Structures are given as C-alpha cells and as structure tokens.
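The block underneath contains the structure these notes are about, expressed in structure tokens.
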Amino acid sequence: MGLKKNTITKETKIPRHVAIIMDGNGRWAKKRLMPRSFGHKQGMERMIGLMERAFDLGVEYITVYALSTENLKRPQEELNGLFDLFRNHFQEYMSRVCARGVRLRAVGDVSLLPDDVQKILRQSEEDTAQFVGKGINVAVAYGARDEIVHAVNRAVECGEKVTEESFSRLLYTGEVPDPDLIIRTGKEVRLSNFLLYQAAYAELYFSEKMFPDFSDKELDKAIVEYSRRTRRFGKTDEQITEKK
Ligand code: IPE
Ligand code: IPE
Ligand code: MG
C-alpha cells in the first residue's frame, strides 16, 4: 500500500517556510451543489487545521494566499461572503493557532478591504506582535506585481539604490525568509501573481485536490516530496555534497 512512502520520519527535511495557494473552494462547493461561500468556509477551517499540522512538524513560517488583488474583481456577493468569514470567524480561528506563540502578519494592500475587515487584521497583528520565531502571513488583497511596484516606489522615495536583500525587505513579506515550498491545490499549475520575487528558488508542489480536501496527510505527502528534492541554487551536485 506504500504505507511508509508518505510518512514523515526523523530523516524528513522540514521546510522552514511553506506557502499555500488555497485554490478550489468554489469547485469543491459546486460539486456538492452548495454555494461558493460554503466552500470558502470549509477552506478556512481546513487552513487552520493545516497550520496546526505544519507547526507540529516544525515549520516556522506559513503564508496562505487568501485573496488576490484580482479576486477583488469577483462579484460583490462572493466578496461579501468572504469578508463575512473574516468578520465572523477569523479572529476566533486564528487565536487558536497563534496561542502557540505565532505572530500574524497581513500581507497585501489591506487598504483595499472594507474598514472593519482591516481593523480585524490590524487587531490580530497587534495581539501577536510580541511573538518572535514562528509566523503566519495572511496574503489578502495581495498581488505580487502590486507588491513589487509598491516596493519600488518606497525605494524611489528613499532615494537609495537597492540590493537584492534590501529590496526584499521592502516587500510586504519583508521580515520573513523566502518560502522553501509553495503548494498549490485545485489542479491549476500556475502561480496566479503569488510571491513572484520570493519564489525564485522555492520548490513547487501542485495537488489535484480541491483545497477543502487537502488533508493533513496530503500536506505530509508534499513535505516528503520536498524532502526528496535536491536544492542546488544554481550550483552543481558536487558543490552541494562538498558543503555537507
Ligand atoms: C480559492 O478558491 C479561494 C479564493 C480565491 C478566494 P476559488 O474561489 O478560486 O475556487 P475555484 O478555483 O473557483 O474552485
Ligand atoms: C489564486 O486562485 C488566488 C487564491 C487562491 C487566493 P484563483 O482562483 O484566483 O486563481 P486563477 O484565477 O485560477 O489563476
Ligand atoms: Mg480558483
């Protein structure tokens, strides 16, 4: 049955930072003849479960793509449903995960969101600002192109030339290391404007599962696959083994 194949062991290399494109909520709901908002609710619950699993495994940072700048052009009814999820459940769910000493950051152009949703995000940031080490980035009203343009404008305002490092600190994800593993659920094989600068050397993993069906076991599977890969960062195999 290949039982052990996807099991995490002491030898499994755990990615420090996992980012997830949580796609497929709408199709998951449609298949069940339910409204898209039902899929988003299930998705939010699954997101919390996955965060708990990831931190249990020793992951330090998790970035979740919850809403893109392009998603803001969806029908108002769907957007209202998504904002209601933030209004009614976000703080309660997140406080469960953050109670482990996890700092939450909202990454994206939060000013595009309704005032009360902005407030909820700011409050969650404030409530967890004292925590160092583990972190959650919630990408909302996030677009990588918007992020890069925003960072360029900040650099221009400062009037100083940037380096790769100083530029990366100007991004919304500034204080957090680059993702090691990017998972996308929902069958599509694309980045959809997610972490374009930070993803330079991330390992990519695509799952056919719709996000609400992406179980803890599926996460384990993705991490085992990540652990099997050789990250060369442009170097040769020999250089990599010499370093070890
Ligand atoms: C991802 O699920 C969540 C958001 C983009 C808010 P979708 O809503 O894109 O679900 P599908 O892709 O239509 O199934
Ligand atoms: C990507 O999903 C954005 C999020 C998961 C938040 P989309 O459903 O917006 O992606 P496309 O439109 O299929 O590329
Ligand atoms: Mg989608």
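Chain labels follow the order of the structure tokens: the first chain is A, the next B, and so on; residue numbering restarts at 1 in every chain, and ligands are counted from 1 in their shown order.
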
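Within stretch 23-218 of chain A, DSSP run on the backbone puts these residues in strand (DSSP E): Tyr61, Ile62, Thr63, Val64, Tyr65, Arg103, Leu104, Arg105, Ala106, Val107, Gly135, Ile136, Asn137, Val138, Ala139, Leu181, Ile182, Ile183, Arg184, Glu203, Leu204, Tyr205 and Phe206 of chain A.
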
Preceding selection exported with C-alpha atoms as a PDB file, in the first residue's frame:
ATOM      1  CA  TYR A  61       6.548  30.241   8.740  1.00  0.00           C
ATOM      2  CA  ILE A  62       3.330  29.703   6.811  1.00  0.00           C
ATOM      3  CA  THR A  63       1.996  32.027   4.131  1.00  0.00           C
ATOM      4  CA  VAL A  64      -1.556  31.464   2.929  1.00  0.00           C
ATOM      5  CA  TYR A  65      -2.956  33.076  -0.201  1.00  0.00           C
ATOM      6  CA  ARG A 103       2.987  36.138  15.020  1.00  0.00           C
ATOM      7  CA  LEU A 104       0.379  37.025  12.393  1.00  0.00           C
ATOM      8  CA  ARG A 105       1.048  39.454   9.588  1.00  0.00           C
ATOM      9  CA  ALA A 106      -1.383  40.571   6.899  1.00  0.00           C
ATOM     10  CA  VAL A 107       0.474  40.917   3.608  1.00  0.00           C
ATOM     11  CA  GLY A 135       4.872  33.391  11.875  1.00  0.00           C
ATOM     12  CA  ILE A 136       1.784  33.320   9.720  1.00  0.00           C
ATOM     13  CA  ASN A 137       1.413  35.598   6.724  1.00  0.00           C
ATOM     14  CA  VAL A 138      -2.153  36.004   5.550  1.00  0.00           C
ATOM     15  CA  ALA A 139      -1.994  37.238   1.957  1.00  0.00           C
ATOM     16  CA  LEU A 181       7.974  25.084  -0.509  1.00  0.00           C
ATOM     17  CA  ILE A 182       4.989  26.508  -2.382  1.00  0.00           C
ATOM     18  CA  ILE A 183       1.943  24.247  -2.574  1.00  0.00           C
ATOM     19  CA  ARG A 184      -0.964  24.911  -4.912  1.00  0.00           C
ATOM     20  CA  GLU A 203      10.227  24.108  -4.565  1.00  0.00           C
ATOM     21  CA  LEU A 204       6.813  23.957  -6.246  1.00  0.00           C
ATOM     22  CA  TYR A 205       4.220  21.282  -5.477  1.00  0.00           C
ATOM     23  CA  PHE A 206       0.890  21.003  -7.270  1.00  0.00           C
TER      24      PHE A 206
END

All residues having an atom within 9 Å of ligand 2 (only C-alpha atoms and all ligand atoms) as an NGL selection string: :A and (20-26 or 64-71 or 139-142 or 184-186 or 188-194)

9 Å contact set for stretch 117-120 of chain A, only C-alpha atoms, chain neighbours under 6 positions out, as a ChimeraX atom specification: /A:83-84,86-87,90-91,110-111

Between atom CA of A:Glu218 and atom CA of A:Arg27, distance in Å (one decimal): 18.5 Å

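Counting from atom CA of A:Glu147, the distance to atom CA of A:Thr163 is 16.5 Å.
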
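We find atom CA of A:Gly159 and atom CA of A:Tyr201 to be spaced 28.9 Å apart.
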
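Around A:Ala199, within 8 Å and counting only C-alpha atoms, the residues found are Asp178, Pro179, Ile182, Leu195, Leu196, Tyr197, Tyr201 and Ala202 of chain A, once anything fewer than 2 positions away on its own chain is removed.
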
With all heavy atoms retained, write the just-selected residues as a PDB file, in the first residue's frame.
ATOM      1  N   ASP A 178      12.401  33.755   2.579  1.00  0.00           N
ATOM      2  CA  ASP A 178      11.708  33.284   1.361  1.00  0.00           C
ATOM      3  C   ASP A 178      11.071  31.915   1.595  1.00  0.00           C
ATOM      4  O   ASP A 178      11.584  31.121   2.377  1.00  0.00           O
ATOM      5  CB  ASP A 178      12.712  33.162   0.202  1.00  0.00           C
ATOM      6  CG  ASP A 178      13.118  34.519  -0.347  1.00  0.00           C
ATOM      7  OD1 ASP A 178      12.430  35.518  -0.046  1.00  0.00           O
ATOM      8  OD2 ASP A 178      14.132  34.570  -1.067  1.00  0.00           O
ATOM      9  N   PRO A 179       9.979  31.623   0.891  1.00  0.00           N
ATOM     10  CA  PRO A 179       9.369  30.296   1.044  1.00  0.00           C
ATOM     11  C   PRO A 179      10.281  29.197   0.499  1.00  0.00           C
ATOM     12  O   PRO A 179      10.942  29.384  -0.525  1.00  0.00           O
ATOM     13  CB  PRO A 179       8.079  30.396   0.210  1.00  0.00           C
ATOM     14  CG  PRO A 179       8.342  31.478  -0.774  1.00  0.00           C
ATOM     15  CD  PRO A 179       9.251  32.456  -0.088  1.00  0.00           C
ATOM     16  N   ILE A 182       6.274  25.892  -2.038  1.00  0.00           N
ATOM     17  CA  ILE A 182       4.989  26.508  -2.382  1.00  0.00           C
ATOM     18  C   ILE A 182       4.058  25.408  -2.878  1.00  0.00           C
ATOM     19  O   ILE A 182       4.386  24.685  -3.826  1.00  0.00           O
ATOM     20  CB  ILE A 182       5.130  27.611  -3.451  1.00  0.00           C
ATOM     21  CG1 ILE A 182       6.001  28.757  -2.921  1.00  0.00           C
ATOM     22  CG2 ILE A 182       3.753  28.138  -3.867  1.00  0.00           C
ATOM     23  CD1 ILE A 182       6.205  29.903  -3.899  1.00  0.00           C
ATOM     24  N   LEU A 195       3.824  35.713  -4.734  1.00  0.00           N
ATOM     25  CA  LEU A 195       5.230  35.694  -4.303  1.00  0.00           C
ATOM     26  C   LEU A 195       6.235  35.597  -5.455  1.00  0.00           C
ATOM     27  O   LEU A 195       7.177  34.804  -5.406  1.00  0.00           O
ATOM     28  CB  LEU A 195       5.454  34.524  -3.327  1.00  0.00           C
ATOM     29  CG  LEU A 195       4.575  34.478  -2.080  1.00  0.00           C
ATOM     30  CD1 LEU A 195       4.910  33.236  -1.241  1.00  0.00           C
ATOM     31  CD2 LEU A 195       4.730  35.727  -1.219  1.00  0.00           C
ATOM     32  N   LEU A 196       6.038  36.391  -6.499  1.00  0.00           N
ATOM     33  CA  LEU A 196       6.877  36.232  -7.686  1.00  0.00           C
ATOM     34  C   LEU A 196       8.357  36.490  -7.408  1.00  0.00           C
ATOM     35  O   LEU A 196       9.223  35.831  -7.973  1.00  0.00           O
ATOM     36  CB  LEU A 196       6.373  37.134  -8.813  1.00  0.00           C
ATOM     37  CG  LEU A 196       4.957  36.829  -9.299  1.00  0.00           C
ATOM     38  CD1 LEU A 196       4.592  37.728 -10.479  1.00  0.00           C
ATOM     39  CD2 LEU A 196       4.788  35.358  -9.680  1.00  0.00           C
ATOM     40  N   TYR A 197       8.666  37.423  -6.541  1.00  0.00           N
ATOM     41  CA  TYR A 197      10.073  37.722  -6.205  1.00  0.00           C
ATOM     42  C   TYR A 197      10.634  36.675  -5.242  1.00  0.00           C
ATOM     43  O   TYR A 197      11.720  36.140  -5.434  1.00  0.00           O
ATOM     44  CB  TYR A 197      10.159  39.122  -5.585  1.00  0.00           C
ATOM     45  CG  TYR A 197      11.565  39.625  -5.366  1.00  0.00           C
ATOM     46  CD1 TYR A 197      12.270  40.272  -6.387  1.00  0.00           C
ATOM     47  CD2 TYR A 197      12.198  39.452  -4.130  1.00  0.00           C
ATOM     48  CE1 TYR A 197      13.566  40.734  -6.182  1.00  0.00           C
ATOM     49  CE2 TYR A 197      13.490  39.911  -3.919  1.00  0.00           C
ATOM     50  CZ  TYR A 197      14.170  40.552  -4.941  1.00  0.00           C
ATOM     51  OH  TYR A 197      15.451  41.003  -4.744  1.00  0.00           O
ATOM     52  N   TYR A 201      13.704  30.502  -5.695  1.00  0.00           N
ATOM     53  CA  TYR A 201      14.241  29.149  -5.514  1.00  0.00           C
ATOM     54  C   TYR A 201      13.348  28.251  -4.677  1.00  0.00           C
ATOM     55  O   TYR A 201      13.807  27.270  -4.101  1.00  0.00           O
ATOM     56  CB  TYR A 201      15.677  29.202  -4.978  1.00  0.00           C
ATOM     57  CG  TYR A 201      16.650  29.211  -6.129  1.00  0.00           C
ATOM     58  CD1 TYR A 201      17.292  30.384  -6.527  1.00  0.00           C
ATOM     59  CD2 TYR A 201      16.865  28.051  -6.867  1.00  0.00           C
ATOM     60  CE1 TYR A 201      18.143  30.396  -7.619  1.00  0.00           C
ATOM     61  CE2 TYR A 201      17.713  28.050  -7.959  1.00  0.00           C
ATOM     62  CZ  TYR A 201      18.357  29.218  -8.338  1.00  0.00           C
ATOM     63  OH  TYR A 201      19.185  29.219  -9.418  1.00  0.00           O
ATOM     64  N   ALA A 202      12.063  28.575  -4.627  1.00  0.00           N
ATOM     65  CA  ALA A 202      11.130  27.723  -3.884  1.00  0.00           C
ATOM     66  C   ALA A 202      10.907  26.427  -4.662  1.00  0.00           C
ATOM     67  O   ALA A 202      10.933  26.415  -5.890  1.00  0.00           O
ATOM     68  CB  ALA A 202       9.810  28.453  -3.698  1.00  0.00           C
TER      69      ALA A 202
END

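If you measure from each of A:Arg74, A:Ala144, A:Glu242, A:Lys221 to ligand 3 using only C-alpha atoms and all ligand atoms, the closest one turns out to be A:Arg74.
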
DSSP alpha helix (DSSP H) residues within stretch 109-177 of chain A, listed as a PyMOL selection string: chain A and resi 115-128+144-158+164-170

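Neighbouring residues of A:Gly133 at 12 Å or closer, counting only C-alpha atoms and skipping chain neighbours under 4 positions away, are A:Arg16, A:His17, A:Phe55, A:Gly58, A:Val59, A:Glu60, A:Tyr61, A:Ile62, A:Cys98, A:Arg100, A:Gly101, A:Val102, A:Arg103, A:Leu104, A:Thr128, A:Ala129, A:Glu175, A:Val176, A:Pro177.
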
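With only C-alpha atoms and all ligand atoms as the basis for measurement, A:Asn80 is the residue among A:Asn6, A:Asn80, A:Gln198, A:Thr12 that approaches ligand 1 most closely.
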